[in-house]
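Below: one structure, written as structure tokens.
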Amino acid sequence: MCNFARAALVIKEKKDAMTRELHSPSSSFALEISLFPNGEDIKKCIQCGICSATCPVAFASNIFRPRKLIQWILIGKREEVLKSDIPWFCMTCRTCEERCQEGVSPAEIFQAVRHLAISEGYAPEAFKKMVDIILTDGWMLKDAFSDFIEDDREALGLDRDLHWNNEFVKMVKKKYFDGEE
Amino acid sequence: MKMAIAWGCLIPTRRSLIGYEAATRKILDDLDVEIADVPNETCCAPFWMQSLDITTSLAMAARNLAKAEEMGLDLLTPCSGCFHSYKRVNYVLQNYPEVHERIDRILSKAGLNYEGKVESKHLVDFLFTDIGLDEIKKHISVDLSGLEIGLRYGCHMLKPHELLNIEYSERPVFADLILELMGITSKSYIGRYRCCGGLLRGIQDELADRILHERLVDAYNANLDALVTVCSLCHLQHDMGQRIIKRKYGMDNLEIPVIHYPQLLALGFGHSPEEIGLKYHTIPTEKFIQKAMKVGGV
């Protein structure tokens, strides 16, 4: 099990041991997120909302609001957040991160959230399918790479063969799910 | 100068993107930059793969970096997503010693070693920073004054700037300056720096359409001869996605050619439209080519 998953488990056990959960701006969920690389910045969030104001997805959607999602984490709505589709709306354009005056990266925080969601079985189907393709073929587009494209490549003087393979992926595939040991 | 190059999975594989590779090879050759493909490139494990497990994902990207290090070369990539993954490897190696150790262990089991010495460069930043305007100018043989384009930098080449070490992430001009050497007018218009919605394709298609629609309305109102994209995903979204938007939102007159950044440079260096695959784009590029020929006198 990787360290992140181990830390997550410890916190989850502690959390489960509590009979009644209190929401506070420094919830155990926020603490859990803060253990990820760059996740520690969540403690700096002052909920100003510049992320939601900047976000191109929020502009086009009426449910994705980065500030609100961070608020849910801060007050410890762990299950709601992990089960939700919303953390998967972030496209990591990182405009919010560039504009955040407090040095928070919502993109990194949501990445940590997605990691926890996956380890607890809440990943969207499209995501699982894509991961499965990469961990089988070694890359995303083996199926899309047809004879026609090989011909077009040749016509442009490019190598027909792309030499991609799954040799390396075969070696790391297990680690993706089991962590180190 | 010699660089290792990792193309990413999209550019060599998609019909409308192979022109990106062809044009890049041509301009780098013209500029005397020798390139060596990373042997048997692996997936760079972009951000959504990183959600599955960040250490293993970074090890995937580090594998290509290790190959470049074996060759003793820095790593060039035209893919903004790959660029981000490679930059992230070095960043994490430097700042998270514990993750560093774990990446080392994964690589060593595959008989690989990565010291962290390879600097990864995005093609467009490389042209500006390492080659420079003066050198590029020497290779321009066609004056394209009169062409009015909208340049899209995309997101992942630029942000966050601390990680990517790029000039400036919010309102960059470095890529515009190169195009201006050819007399091209790179128009400033609303939305040119905004996200295209590409990464929501397949996950939230309705939302991806809505964001792309906004971007295309912005571009349409700016009255451009072409959109020029740096990012391969921006290109797929604007080129292939344009048909969807045209039908879905009834934008009958919408037909904006979408050109890859190095293709435009290749035209300026005197290469023909045929050599750089302009006919493989989804939105026909003929009108754009005609205008380029007319203003360029070729």
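Residue numbering restarts at 1 in every chain; chains get A, B, ... in the order shown in the structure tokens, and ligands count up from 1 in that same order.
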Quick check: residues of chain A within 8 Å of chain B, only C-alpha atoms, returned as a PyMOL selection string. chain A and resi 37+56-57+60-61+89+91-95+97-98+111-112+114-115+118-119+124+126-127+131+134+138-141+144-145+149+152-153+156-158+162-166+168-169+171-172+175-177+179-180
If DSSP is run on the backbone, what residues of range 35-152 of chain A are helix (DSSP H, G or I)? A reply as a count of residues only would be ideal. 73
Residues near range 75-91 of chain B, anyone? I mean within 8 Å using only C-alpha atoms, not counting same-chain ones fewer than 3 positions away, as a tab-separated table (two decimals) with C-alpha atoms, in the first residue's frame.
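As written to disk, out.tsv reads:
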chain	number	residue	atom	x	y	z
B	3	MET	CA	17.70	17.24	-28.22
B	4	ALA	CA	15.78	14.10	-27.36
B	5	ILE	CA	12.14	14.36	-28.32
B	6	ALA	CA	9.00	12.70	-26.97
B	7	TRP	CA	5.99	13.34	-29.20
B	8	GLY	CA	3.20	12.23	-26.91
B	11	ILE	CA	0.39	14.08	-32.31
B	44	CYS	CA	3.43	10.28	-19.81
B	45	ALA	CA	0.61	9.45	-17.36
B	46	PRO	CA	-1.12	12.84	-17.46
B	47	PHE	CA	-3.05	14.38	-14.56
B	58	LEU	CA	5.49	9.99	-12.22
B	59	ALA	CA	7.57	6.85	-12.71
B	61	ALA	CA	6.94	9.93	-17.15
B	62	ALA	CA	10.36	9.47	-15.52
B	65	LEU	CA	13.23	11.17	-18.97
B	68	ALA	CA	16.77	10.98	-22.53
B	94	GLN	CA	13.47	17.91	-5.83
B	95	ASN	CA	10.78	18.66	-3.27
B	116	GLY	CA	16.88	14.24	-12.52
B	118	VAL	CA	17.15	16.26	-17.89
B	119	GLU	CA	15.53	19.59	-18.52
B	120	SER	CA	12.24	19.25	-20.37
B	121	LYS	CA	11.27	21.96	-22.81
B	122	HIS	CA	8.08	22.71	-24.63
B	123	LEU	CA	8.71	23.14	-28.35
B	124	VAL	CA	7.33	26.68	-28.52
B	126	PHE	CA	12.32	26.21	-26.80
B	155	CYS	CA	-3.34	25.95	-20.60
B	156	HIS	CA	-0.86	23.21	-19.86
B	157	MET	CA	2.17	24.81	-21.49
B	163	LEU	CA	6.37	24.68	-12.01
B	164	LEU	CA	6.82	25.16	-15.73
B	230	VAL	CA	-0.05	25.10	-29.70
B	231	CYS	CA	-1.79	22.35	-27.74
B	232	SER	CA	-2.84	19.16	-29.49
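Neighbouring residues of Lys2 in chain B at 12 Å or closer, counting only C-alpha atoms and skipping chain neighbours under 5 positions away, are B:Leu28, B:Asp29, B:Leu31, B:Asp32, B:Val33, B:Glu34, B:Ile35, B:Ala36, B:Asp37, B:Ala68, B:Met71, B:Gly72, B:Leu73, B:Asp74, B:Leu75, B:Leu76, B:Asp130.
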Put those residues in a file: N, CA and C atoms, as a PDB file, in the first residue's frame.
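Just written: result_8.pdb:
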ATOM      1  N   LEU B  28      12.712  22.227 -37.192  1.00  0.00           N
ATOM      2  CA  LEU B  28      13.879  21.949 -36.338  1.00  0.00           C
ATOM      3  C   LEU B  28      15.090  21.633 -37.204  1.00  0.00           C
ATOM      4  N   ASP B  29      14.843  20.920 -38.306  1.00  0.00           N
ATOM      5  CA  ASP B  29      15.926  20.616 -39.238  1.00  0.00           C
ATOM      6  C   ASP B  29      16.487  21.915 -39.826  1.00  0.00           C
ATOM      7  N   LEU B  31      16.457  24.765 -38.499  1.00  0.00           N
ATOM      8  CA  LEU B  31      17.135  25.536 -37.447  1.00  0.00           C
ATOM      9  C   LEU B  31      18.375  24.818 -36.910  1.00  0.00           C
ATOM     10  N   ASP B  32      18.763  23.709 -37.589  1.00  0.00           N
ATOM     11  CA  ASP B  32      19.948  22.950 -37.190  1.00  0.00           C
ATOM     12  C   ASP B  32      19.839  22.323 -35.810  1.00  0.00           C
ATOM     13  N   VAL B  33      18.612  21.954 -35.433  1.00  0.00           N
ATOM     14  CA  VAL B  33      18.432  21.238 -34.176  1.00  0.00           C
ATOM     15  C   VAL B  33      18.258  19.765 -34.534  1.00  0.00           C
ATOM     16  N   GLU B  34      19.219  18.967 -34.089  1.00  0.00           N
ATOM     17  CA  GLU B  34      19.126  17.541 -34.365  1.00  0.00           C
ATOM     18  C   GLU B  34      18.234  16.925 -33.289  1.00  0.00           C
ATOM     19  N   ILE B  35      17.300  16.057 -33.689  1.00  0.00           N
ATOM     20  CA  ILE B  35      16.445  15.437 -32.670  1.00  0.00           C
ATOM     21  C   ILE B  35      16.544  13.913 -32.711  1.00  0.00           C
ATOM     22  N   ALA B  36      16.475  13.312 -31.518  1.00  0.00           N
ATOM     23  CA  ALA B  36      16.468  11.854 -31.409  1.00  0.00           C
ATOM     24  C   ALA B  36      15.210  11.442 -30.655  1.00  0.00           C
ATOM     25  N   ASP B  37      14.363  10.640 -31.299  1.00  0.00           N
ATOM     26  CA  ASP B  37      13.132  10.187 -30.639  1.00  0.00           C
ATOM     27  C   ASP B  37      13.473   9.333 -29.420  1.00  0.00           C
ATOM     28  N   ALA B  68      16.098   9.769 -22.036  1.00  0.00           N
ATOM     29  CA  ALA B  68      16.770  10.982 -22.527  1.00  0.00           C
ATOM     30  C   ALA B  68      18.102  11.162 -21.795  1.00  0.00           C
ATOM     31  N   MET B  71      20.760   9.092 -23.128  1.00  0.00           N
ATOM     32  CA  MET B  71      21.294   9.662 -24.373  1.00  0.00           C
ATOM     33  C   MET B  71      22.123  10.923 -24.104  1.00  0.00           C
ATOM     34  N   GLY B  72      22.068  11.394 -22.844  1.00  0.00           N
ATOM     35  CA  GLY B  72      22.808  12.608 -22.493  1.00  0.00           C
ATOM     36  C   GLY B  72      22.196  13.873 -23.077  1.00  0.00           C
ATOM     37  N   LEU B  73      20.869  13.848 -23.268  1.00  0.00           N
ATOM     38  CA  LEU B  73      20.213  14.983 -23.931  1.00  0.00           C
ATOM     39  C   LEU B  73      19.074  15.552 -23.083  1.00  0.00           C
ATOM     40  N   ASP B  74      18.768  16.824 -23.304  1.00  0.00           N
ATOM     41  CA  ASP B  74      17.559  17.386 -22.721  1.00  0.00           C
ATOM     42  C   ASP B  74      16.372  16.968 -23.576  1.00  0.00           C
ATOM     43  N   LEU B  75      15.186  17.083 -22.983  1.00  0.00           N
ATOM     44  CA  LEU B  75      14.008  16.516 -23.648  1.00  0.00           C
ATOM     45  C   LEU B  75      13.057  17.596 -24.161  1.00  0.00           C
ATOM     46  N   LEU B  76      12.778  17.486 -25.452  1.00  0.00           N
ATOM     47  CA  LEU B  76      11.863  18.413 -26.098  1.00  0.00           C
ATOM     48  C   LEU B  76      10.531  17.695 -26.276  1.00  0.00           C
ATOM     49  N   ASP B 130      15.524  29.179 -26.422  1.00  0.00           N
ATOM     50  CA  ASP B 130      16.807  28.572 -26.767  1.00  0.00           C
ATOM     51  C   ASP B 130      17.280  28.912 -28.175  1.00  0.00           C
TER      52      ASP B 130
END
